[in-house]
Amino acid sequence: MRCIAWRSGGSVVRDRLRHLPVAVAFLTRIPVRHGAITSWGHVAAWFAVAGLIPGSISAAVYAGLLQLLAPLPSAVLAVGAGVAVTGAFHHDGLADSMDGLVGGWTREQRLEILKDSRHGTYGVMVLVVQVAAQVSLVSSMDAGDAAVALIAAHVLGRAASVVLTQVGESASDGLGGHYVRDVTGTDAALAVVSGTLLCAPLLGGWLAVVLPAAVATALLFGWWAMRKIGGLVGDVLGGAEQVAETAVLACCAAIAGAGAIAWWM
């Protein structure tokens, strides 16, 4: 019986592991070969790990450019590098969310606006504020602290968006709806655990502050959306990831202001 249980458990682990390349291909512009998808929930379980890629690239760009440029232009290009790697995937969700949730008067109108790929005034303005906030927060930190903050923001922001799928129902039949329906408690736990394991060596004890801040921000954004449209859609998950990223950067900037986050430097 033990042998059967071990084989069953090993099969579950292997099935989830083979969805890691799918998560990377889905969340970034990096061409990655992958197999068939058996569950979108198994893909979401690796979102935090996939976030390590744009986070690390942004951190490297900022650290490198600080040797040549002032903090502000370095931060602009570092944040821009992260956007380029992800194809502005989550930014699009944030803009669409704001257009629909603020612009519509009824649930039906809001859902209709959310289906429109074009961005309106609310969407454009929130993107301006979002990017400006992230640039200003990153530029307030030195290379070491900013590296920690950028990696943690991309990793924990994605973990927080996966947690959000556990507290609401799907409001559409789109891809976001598949994630909301398919992500199990085990998938969400794996996203949080993997994010924790990646960020604990960087944040140390501050992880106990930063991780709850990311999750709480994503849940608050999701709660607001659910009040407006009665559930969750893909754009809302993307928007929640973005606001969670900014919450992580804000926490790290505040911590850095009181003392270095990068404890090894």
# chains A, B, ... in the order shown; residues from 1 in each chain; ligands from 1
>>> residues_around(residues="A:Leu202", least_positions_apart="5", cutoff="12 Å", atoms="only C-alpha atoms", output="list in words")
Gly144, Asp145, Ala146, Ala147, Val148, Ala149, Leu150, Ile151, Ala152, Ala153, Val155, Gly195, Thr196, Leu197, Leu207, Val210, Cys252, Ala260, Ile261, Ala262, Trp263, Trp264 and Met265 of chain A
>>> residues_around(residues="A:Arg33", least_positions_apart="5", cutoff="12 Å", atoms="only C-alpha atoms", output="PDB file with C-alpha atoms, in the first residue's frame")
ATOM      1  CA  ARG A  18       5.478  19.429 -16.264  1.00  0.00           C
ATOM      2  CA  HIS A  19       3.199  22.475 -16.182  1.00  0.00           C
ATOM      3  CA  LEU A  20       6.053  24.746 -15.071  1.00  0.00           C
ATOM      4  CA  PRO A  21       7.158  25.455 -18.686  1.00  0.00           C
ATOM      5  CA  VAL A  22       3.537  26.289 -19.492  1.00  0.00           C
ATOM      6  CA  ALA A  23       3.495  28.902 -16.733  1.00  0.00           C
ATOM      7  CA  VAL A  24       6.693  30.477 -18.085  1.00  0.00           C
ATOM      8  CA  ALA A  25       5.336  30.493 -21.650  1.00  0.00           C
ATOM      9  CA  PHE A  26       2.002  31.925 -20.497  1.00  0.00           C
TER      10      PHE A  26
END
>>> residues_around(residues="A:Ala188", least_positions_apart="3", cutoff="10 Å", atoms="only C-alpha atoms", output="mmCIF file with all heavy atoms, in the first residue's frame")
data_model
loop_
_atom_site.group_PDB
_atom_site.id
_atom_site.type_symbol
_atom_site.label_atom_id
_atom_site.label_comp_id
_atom_site.auth_asym_id
_atom_site.auth_seq_id
_atom_site.Cartn_x
_atom_site.Cartn_y
_atom_site.Cartn_z
ATOM 1 N N GLY A 41 -5.197 24.915 -13.322
ATOM 2 C CA GLY A 41 -4.802 25.071 -11.923
ATOM 3 C C GLY A 41 -3.370 24.637 -11.699
ATOM 4 O O GLY A 41 -2.627 25.269 -10.936
ATOM 5 N N HIS A 42 -2.944 23.552 -12.371
ATOM 6 C CA HIS A 42 -1.558 23.095 -12.254
ATOM 7 C C HIS A 42 -0.595 24.122 -12.850
ATOM 8 O O HIS A 42 0.563 24.223 -12.420
ATOM 9 C CB HIS A 42 -1.383 21.748 -12.958
ATOM 10 C CG HIS A 42 -2.121 20.626 -12.289
ATOM 11 N ND1 HIS A 42 -2.829 20.799 -11.130
ATOM 12 C CD2 HIS A 42 -2.254 19.313 -12.635
ATOM 13 C CE1 HIS A 42 -3.378 19.637 -10.771
ATOM 14 N NE2 HIS A 42 -3.051 18.724 -11.662
ATOM 15 N N ALA A 44 -1.207 27.472 -12.841
ATOM 16 C CA ALA A 44 -1.195 28.586 -11.885
ATOM 17 C C ALA A 44 -0.338 28.285 -10.658
ATOM 18 O O ALA A 44 0.192 29.204 -10.024
ATOM 19 C CB ALA A 44 -2.628 28.909 -11.449
ATOM 20 N N ALA A 45 -0.192 27.007 -10.328
ATOM 21 C CA ALA A 45 0.621 26.632 -9.170
ATOM 22 C C ALA A 45 2.064 27.106 -9.312
ATOM 23 O O ALA A 45 2.762 27.287 -8.303
ATOM 24 C CB ALA A 45 0.587 25.118 -8.981
ATOM 25 N N TRP A 46 2.512 27.349 -10.560
ATOM 26 C CA TRP A 46 3.899 27.766 -10.814
ATOM 27 C C TRP A 46 4.021 29.237 -11.175
ATOM 28 O O TRP A 46 5.095 29.683 -11.599
ATOM 29 C CB TRP A 46 4.500 26.909 -11.935
ATOM 30 C CG TRP A 46 4.508 25.456 -11.591
ATOM 31 C CD1 TRP A 46 3.719 24.474 -12.111
ATOM 32 C CD2 TRP A 46 5.345 24.814 -10.621
ATOM 33 N NE1 TRP A 46 4.003 23.269 -11.539
ATOM 34 C CE2 TRP A 46 5.000 23.444 -10.624
ATOM 35 C CE3 TRP A 46 6.345 25.267 -9.752
ATOM 36 C CZ2 TRP A 46 5.628 22.521 -9.782
ATOM 37 C CZ3 TRP A 46 6.966 24.355 -8.925
ATOM 38 C CH2 TRP A 46 6.608 22.996 -8.948
ATOM 39 N N PHE A 47 2.966 30.001 -10.999
ATOM 40 C CA PHE A 47 3.023 31.421 -11.343
ATOM 41 C C PHE A 47 4.108 32.162 -10.563
ATOM 42 O O PHE A 47 4.802 33.020 -11.101
ATOM 43 C CB PHE A 47 1.664 32.081 -11.101
ATOM 44 C CG PHE A 47 0.693 31.898 -12.233
ATOM 45 C CD1 PHE A 47 0.994 31.096 -13.320
ATOM 46 C CD2 PHE A 47 -0.545 32.542 -12.218
ATOM 47 C CE1 PHE A 47 0.104 30.922 -14.373
ATOM 48 C CE2 PHE A 47 -1.443 32.389 -13.261
ATOM 49 C CZ PHE A 47 -1.118 31.579 -14.335
ATOM 50 N N ALA A 159 1.861 35.068 -6.794
ATOM 51 C CA ALA A 159 1.321 34.145 -5.786
ATOM 52 C C ALA A 159 0.014 34.683 -5.215
ATOM 53 O O ALA A 159 -0.954 33.937 -5.013
ATOM 54 C CB ALA A 159 2.343 33.934 -4.666
ATOM 55 N N ALA A 160 -0.037 35.989 -4.967
ATOM 56 C CA ALA A 160 -1.237 36.611 -4.402
ATOM 57 C C ALA A 160 -2.423 36.505 -5.350
ATOM 58 O O ALA A 160 -3.565 36.292 -4.918
ATOM 59 C CB ALA A 160 -0.961 38.074 -4.066
ATOM 60 N N SER A 161 -2.176 36.634 -6.657
ATOM 61 C CA SER A 161 -3.275 36.533 -7.621
ATOM 62 C C SER A 161 -3.841 35.119 -7.668
ATOM 63 O O SER A 161 -5.035 34.922 -7.913
ATOM 64 C CB SER A 161 -2.812 36.966 -9.018
ATOM 65 O OG SER A 161 -1.904 36.031 -9.584
ATOM 66 N N VAL A 162 -2.990 34.118 -7.425
ATOM 67 C CA VAL A 162 -3.470 32.736 -7.379
ATOM 68 C C VAL A 162 -4.331 32.521 -6.137
ATOM 69 O O VAL A 162 -5.362 31.845 -6.186
ATOM 70 C CB VAL A 162 -2.282 31.742 -7.402
ATOM 71 C CG1 VAL A 162 -2.788 30.300 -7.301
ATOM 72 C CG2 VAL A 162 -1.466 31.913 -8.674
ATOM 73 N N VAL A 163 -3.923 33.105 -5.020
ATOM 74 C CA VAL A 163 -4.729 33.008 -3.799
ATOM 75 C C VAL A 163 -6.121 33.593 -4.024
ATOM 76 O O VAL A 163 -7.128 33.065 -3.534
ATOM 77 C CB VAL A 163 -4.029 33.736 -2.629
ATOM 78 C CG1 VAL A 163 -4.939 33.793 -1.395
ATOM 79 C CG2 VAL A 163 -2.721 33.036 -2.276
ATOM 80 N N LEU A 164 -6.195 34.661 -4.799
ATOM 81 C CA LEU A 164 -7.473 35.319 -5.069
ATOM 82 C C LEU A 164 -8.477 34.369 -5.720
ATOM 83 O O LEU A 164 -9.682 34.488 -5.483
ATOM 84 C CB LEU A 164 -7.242 36.543 -5.958
ATOM 85 C CG LEU A 164 -8.481 37.331 -6.390
ATOM 86 C CD1 LEU A 164 -9.278 37.817 -5.176
ATOM 87 C CD2 LEU A 164 -8.075 38.512 -7.272
ATOM 88 N N THR A 165 -8.011 33.423 -6.520
ATOM 89 C CA THR A 165 -8.934 32.497 -7.192
ATOM 90 C C THR A 165 -9.713 31.640 -6.196
ATOM 91 O O THR A 165 -10.737 31.053 -6.556
ATOM 92 C CB THR A 165 -8.177 31.557 -8.147
ATOM 93 O OG1 THR A 165 -7.288 30.703 -7.404
ATOM 94 C CG2 THR A 165 -7.380 32.340 -9.173
ATOM 95 N N GLN A 166 -9.247 31.579 -4.956
ATOM 96 C CA GLN A 166 -9.885 30.714 -3.971
ATOM 97 C C GLN A 166 -11.034 31.381 -3.221
ATOM 98 O O GLN A 166 -11.732 30.717 -2.443
ATOM 99 C CB GLN A 166 -8.848 30.241 -2.951
ATOM 100 C CG GLN A 166 -7.713 29.433 -3.552
ATOM 101 C CD GLN A 166 -8.222 28.199 -4.262
ATOM 102 O OE1 GLN A 166 -8.668 27.249 -3.626
ATOM 103 N NE2 GLN A 166 -8.161 28.200 -5.591
ATOM 104 N N VAL A 183 -8.189 26.124 -10.320
ATOM 105 C CA VAL A 183 -7.185 26.213 -9.256
ATOM 106 C C VAL A 183 -7.759 25.620 -7.966
ATOM 107 O O VAL A 183 -8.772 26.076 -7.451
ATOM 108 C CB VAL A 183 -6.745 27.669 -9.018
ATOM 109 C CG1 VAL A 183 -5.774 27.736 -7.837
ATOM 110 C CG2 VAL A 183 -6.073 28.235 -10.261
ATOM 111 N N THR A 184 -7.095 24.602 -7.457
ATOM 112 C CA THR A 184 -7.502 23.975 -6.210
ATOM 113 C C THR A 184 -6.748 24.593 -5.032
ATOM 114 O O THR A 184 -5.806 25.377 -5.227
ATOM 115 C CB THR A 184 -7.220 22.468 -6.244
ATOM 116 O OG1 THR A 184 -5.786 22.272 -6.317
ATOM 117 C CG2 THR A 184 -7.882 21.816 -7.454
ATOM 118 N N GLY A 185 -7.141 24.209 -3.839
ATOM 119 C CA GLY A 185 -6.425 24.684 -2.664
ATOM 120 C C GLY A 185 -4.969 24.247 -2.676
ATOM 121 O O GLY A 185 -4.082 24.980 -2.234
ATOM 122 N N ALA A 191 1.631 27.642 -4.928
ATOM 123 C CA ALA A 191 2.065 28.962 -5.384
ATOM 124 C C ALA A 191 2.617 29.779 -4.221
ATOM 125 O O ALA A 191 3.660 30.444 -4.348
ATOM 126 C CB ALA A 191 0.900 29.694 -6.039
ATOM 127 N N VAL A 192 1.942 29.728 -3.083
ATOM 128 C CA VAL A 192 2.390 30.491 -1.913
ATOM 129 C C VAL A 192 3.676 29.905 -1.338
ATOM 130 O O VAL A 192 4.617 30.646 -0.993
ATOM 131 C CB VAL A 192 1.292 30.518 -0.831
ATOM 132 C CG1 VAL A 192 1.810 31.158 0.453
ATOM 133 C CG2 VAL A 192 0.071 31.285 -1.332
ATOM 134 N N VAL A 193 3.735 28.585 -1.243
ATOM 135 C CA VAL A 193 4.926 27.939 -0.680
ATOM 136 C C VAL A 193 6.146 28.188 -1.567
ATOM 137 O O VAL A 193 7.226 28.523 -1.068
ATOM 138 C CB VAL A 193 4.686 26.420 -0.518
ATOM 139 C CG1 VAL A 193 5.995 25.701 -0.181
ATOM 140 C CG2 VAL A 193 3.658 26.167 0.576
ATOM 141 N N SER A 194 5.989 28.045 -2.876
ATOM 142 C CA SER A 194 7.119 28.279 -3.774
ATOM 143 C C SER A 194 7.559 29.743 -3.721
ATOM 144 O O SER A 194 8.758 30.046 -3.720
ATOM 145 C CB SER A 194 6.771 27.879 -5.206
ATOM 146 O OG SER A 194 5.662 28.613 -5.690
#
>>> select_by_dssp(residues="stretch 62-218 of chain A", states="helix (DSSP H, G or I)", output="PyMOL selection string")
chain A and resi 62-65+71-86+89-103+107-115+121-139+143-164+175-182+185-218
>>> decode(residues="stretch 97-110 of chain A", atoms="N, CA, C and O atoms", output="CSV table (one decimal), in the first residue's frame")
chain,number,residue,atom,x,y,z
A,97,SER,N,-9.6,46.3,-16.2
A,97,SER,CA,-10.3,46.2,-15.0
A,97,SER,C,-10.9,47.6,-14.6
A,97,SER,O,-12.0,47.7,-14.3
A,98,MET,N,-10.0,48.6,-14.7
A,98,MET,CA,-10.4,49.9,-14.2
A,98,MET,C,-11.4,50.5,-15.2
A,98,MET,O,-12.4,51.2,-14.8
A,99,ASP,N,-11.2,50.2,-16.5
A,99,ASP,CA,-12.2,50.7,-17.5
A,99,ASP,C,-13.6,50.1,-17.2
A,99,ASP,O,-14.6,50.8,-17.2
A,100,GLY,N,-13.6,48.8,-16.9
A,100,GLY,CA,-14.9,48.1,-16.7
A,100,GLY,C,-15.5,48.4,-15.4
A,100,GLY,O,-16.7,48.7,-15.3
A,101,LEU,N,-14.7,48.3,-14.3
A,101,LEU,CA,-15.3,48.4,-13.0
A,101,LEU,C,-15.7,49.8,-12.6
A,101,LEU,O,-16.6,50.0,-11.9
A,102,VAL,N,-15.0,50.8,-13.2
A,102,VAL,CA,-15.3,52.2,-12.9
A,102,VAL,C,-16.2,52.8,-14.0
A,102,VAL,O,-17.1,53.6,-13.7
A,103,GLY,N,-16.1,52.4,-15.2
A,103,GLY,CA,-16.8,53.0,-16.3
A,103,GLY,C,-18.2,52.5,-16.5
A,103,GLY,O,-19.0,53.3,-17.0
A,104,GLY,N,-18.5,51.3,-16.1
A,104,GLY,CA,-19.9,50.8,-16.3
A,104,GLY,C,-20.8,51.1,-15.1
A,104,GLY,O,-20.4,51.3,-14.0
A,105,TRP,N,-22.1,51.2,-15.5
A,105,TRP,CA,-23.1,51.6,-14.4
A,105,TRP,C,-23.8,50.3,-13.9
A,105,TRP,O,-24.4,50.3,-12.8
A,106,THR,N,-23.9,49.3,-14.7
A,106,THR,CA,-24.5,48.0,-14.3
A,106,THR,C,-23.5,46.9,-14.5
A,106,THR,O,-22.5,47.0,-15.1
A,107,ARG,N,-23.9,45.7,-13.9
A,107,ARG,CA,-23.0,44.6,-14.0
A,107,ARG,C,-22.8,44.2,-15.5
A,107,ARG,O,-21.7,43.9,-15.9
A,108,GLU,N,-23.9,44.2,-16.2
A,108,GLU,CA,-23.8,43.9,-17.7
A,108,GLU,C,-22.9,44.8,-18.4
A,108,GLU,O,-22.1,44.4,-19.3
A,109,GLN,N,-23.1,46.1,-18.1
A,109,GLN,CA,-22.2,47.1,-18.8
A,109,GLN,C,-20.7,46.9,-18.5
A,109,GLN,O,-19.9,47.0,-19.3
A,110,ARG,N,-20.5,46.6,-17.2
A,110,ARG,CA,-19.1,46.4,-16.8
A,110,ARG,C,-18.5,45.2,-17.4
A,110,ARG,O,-17.3,45.2,-17.9
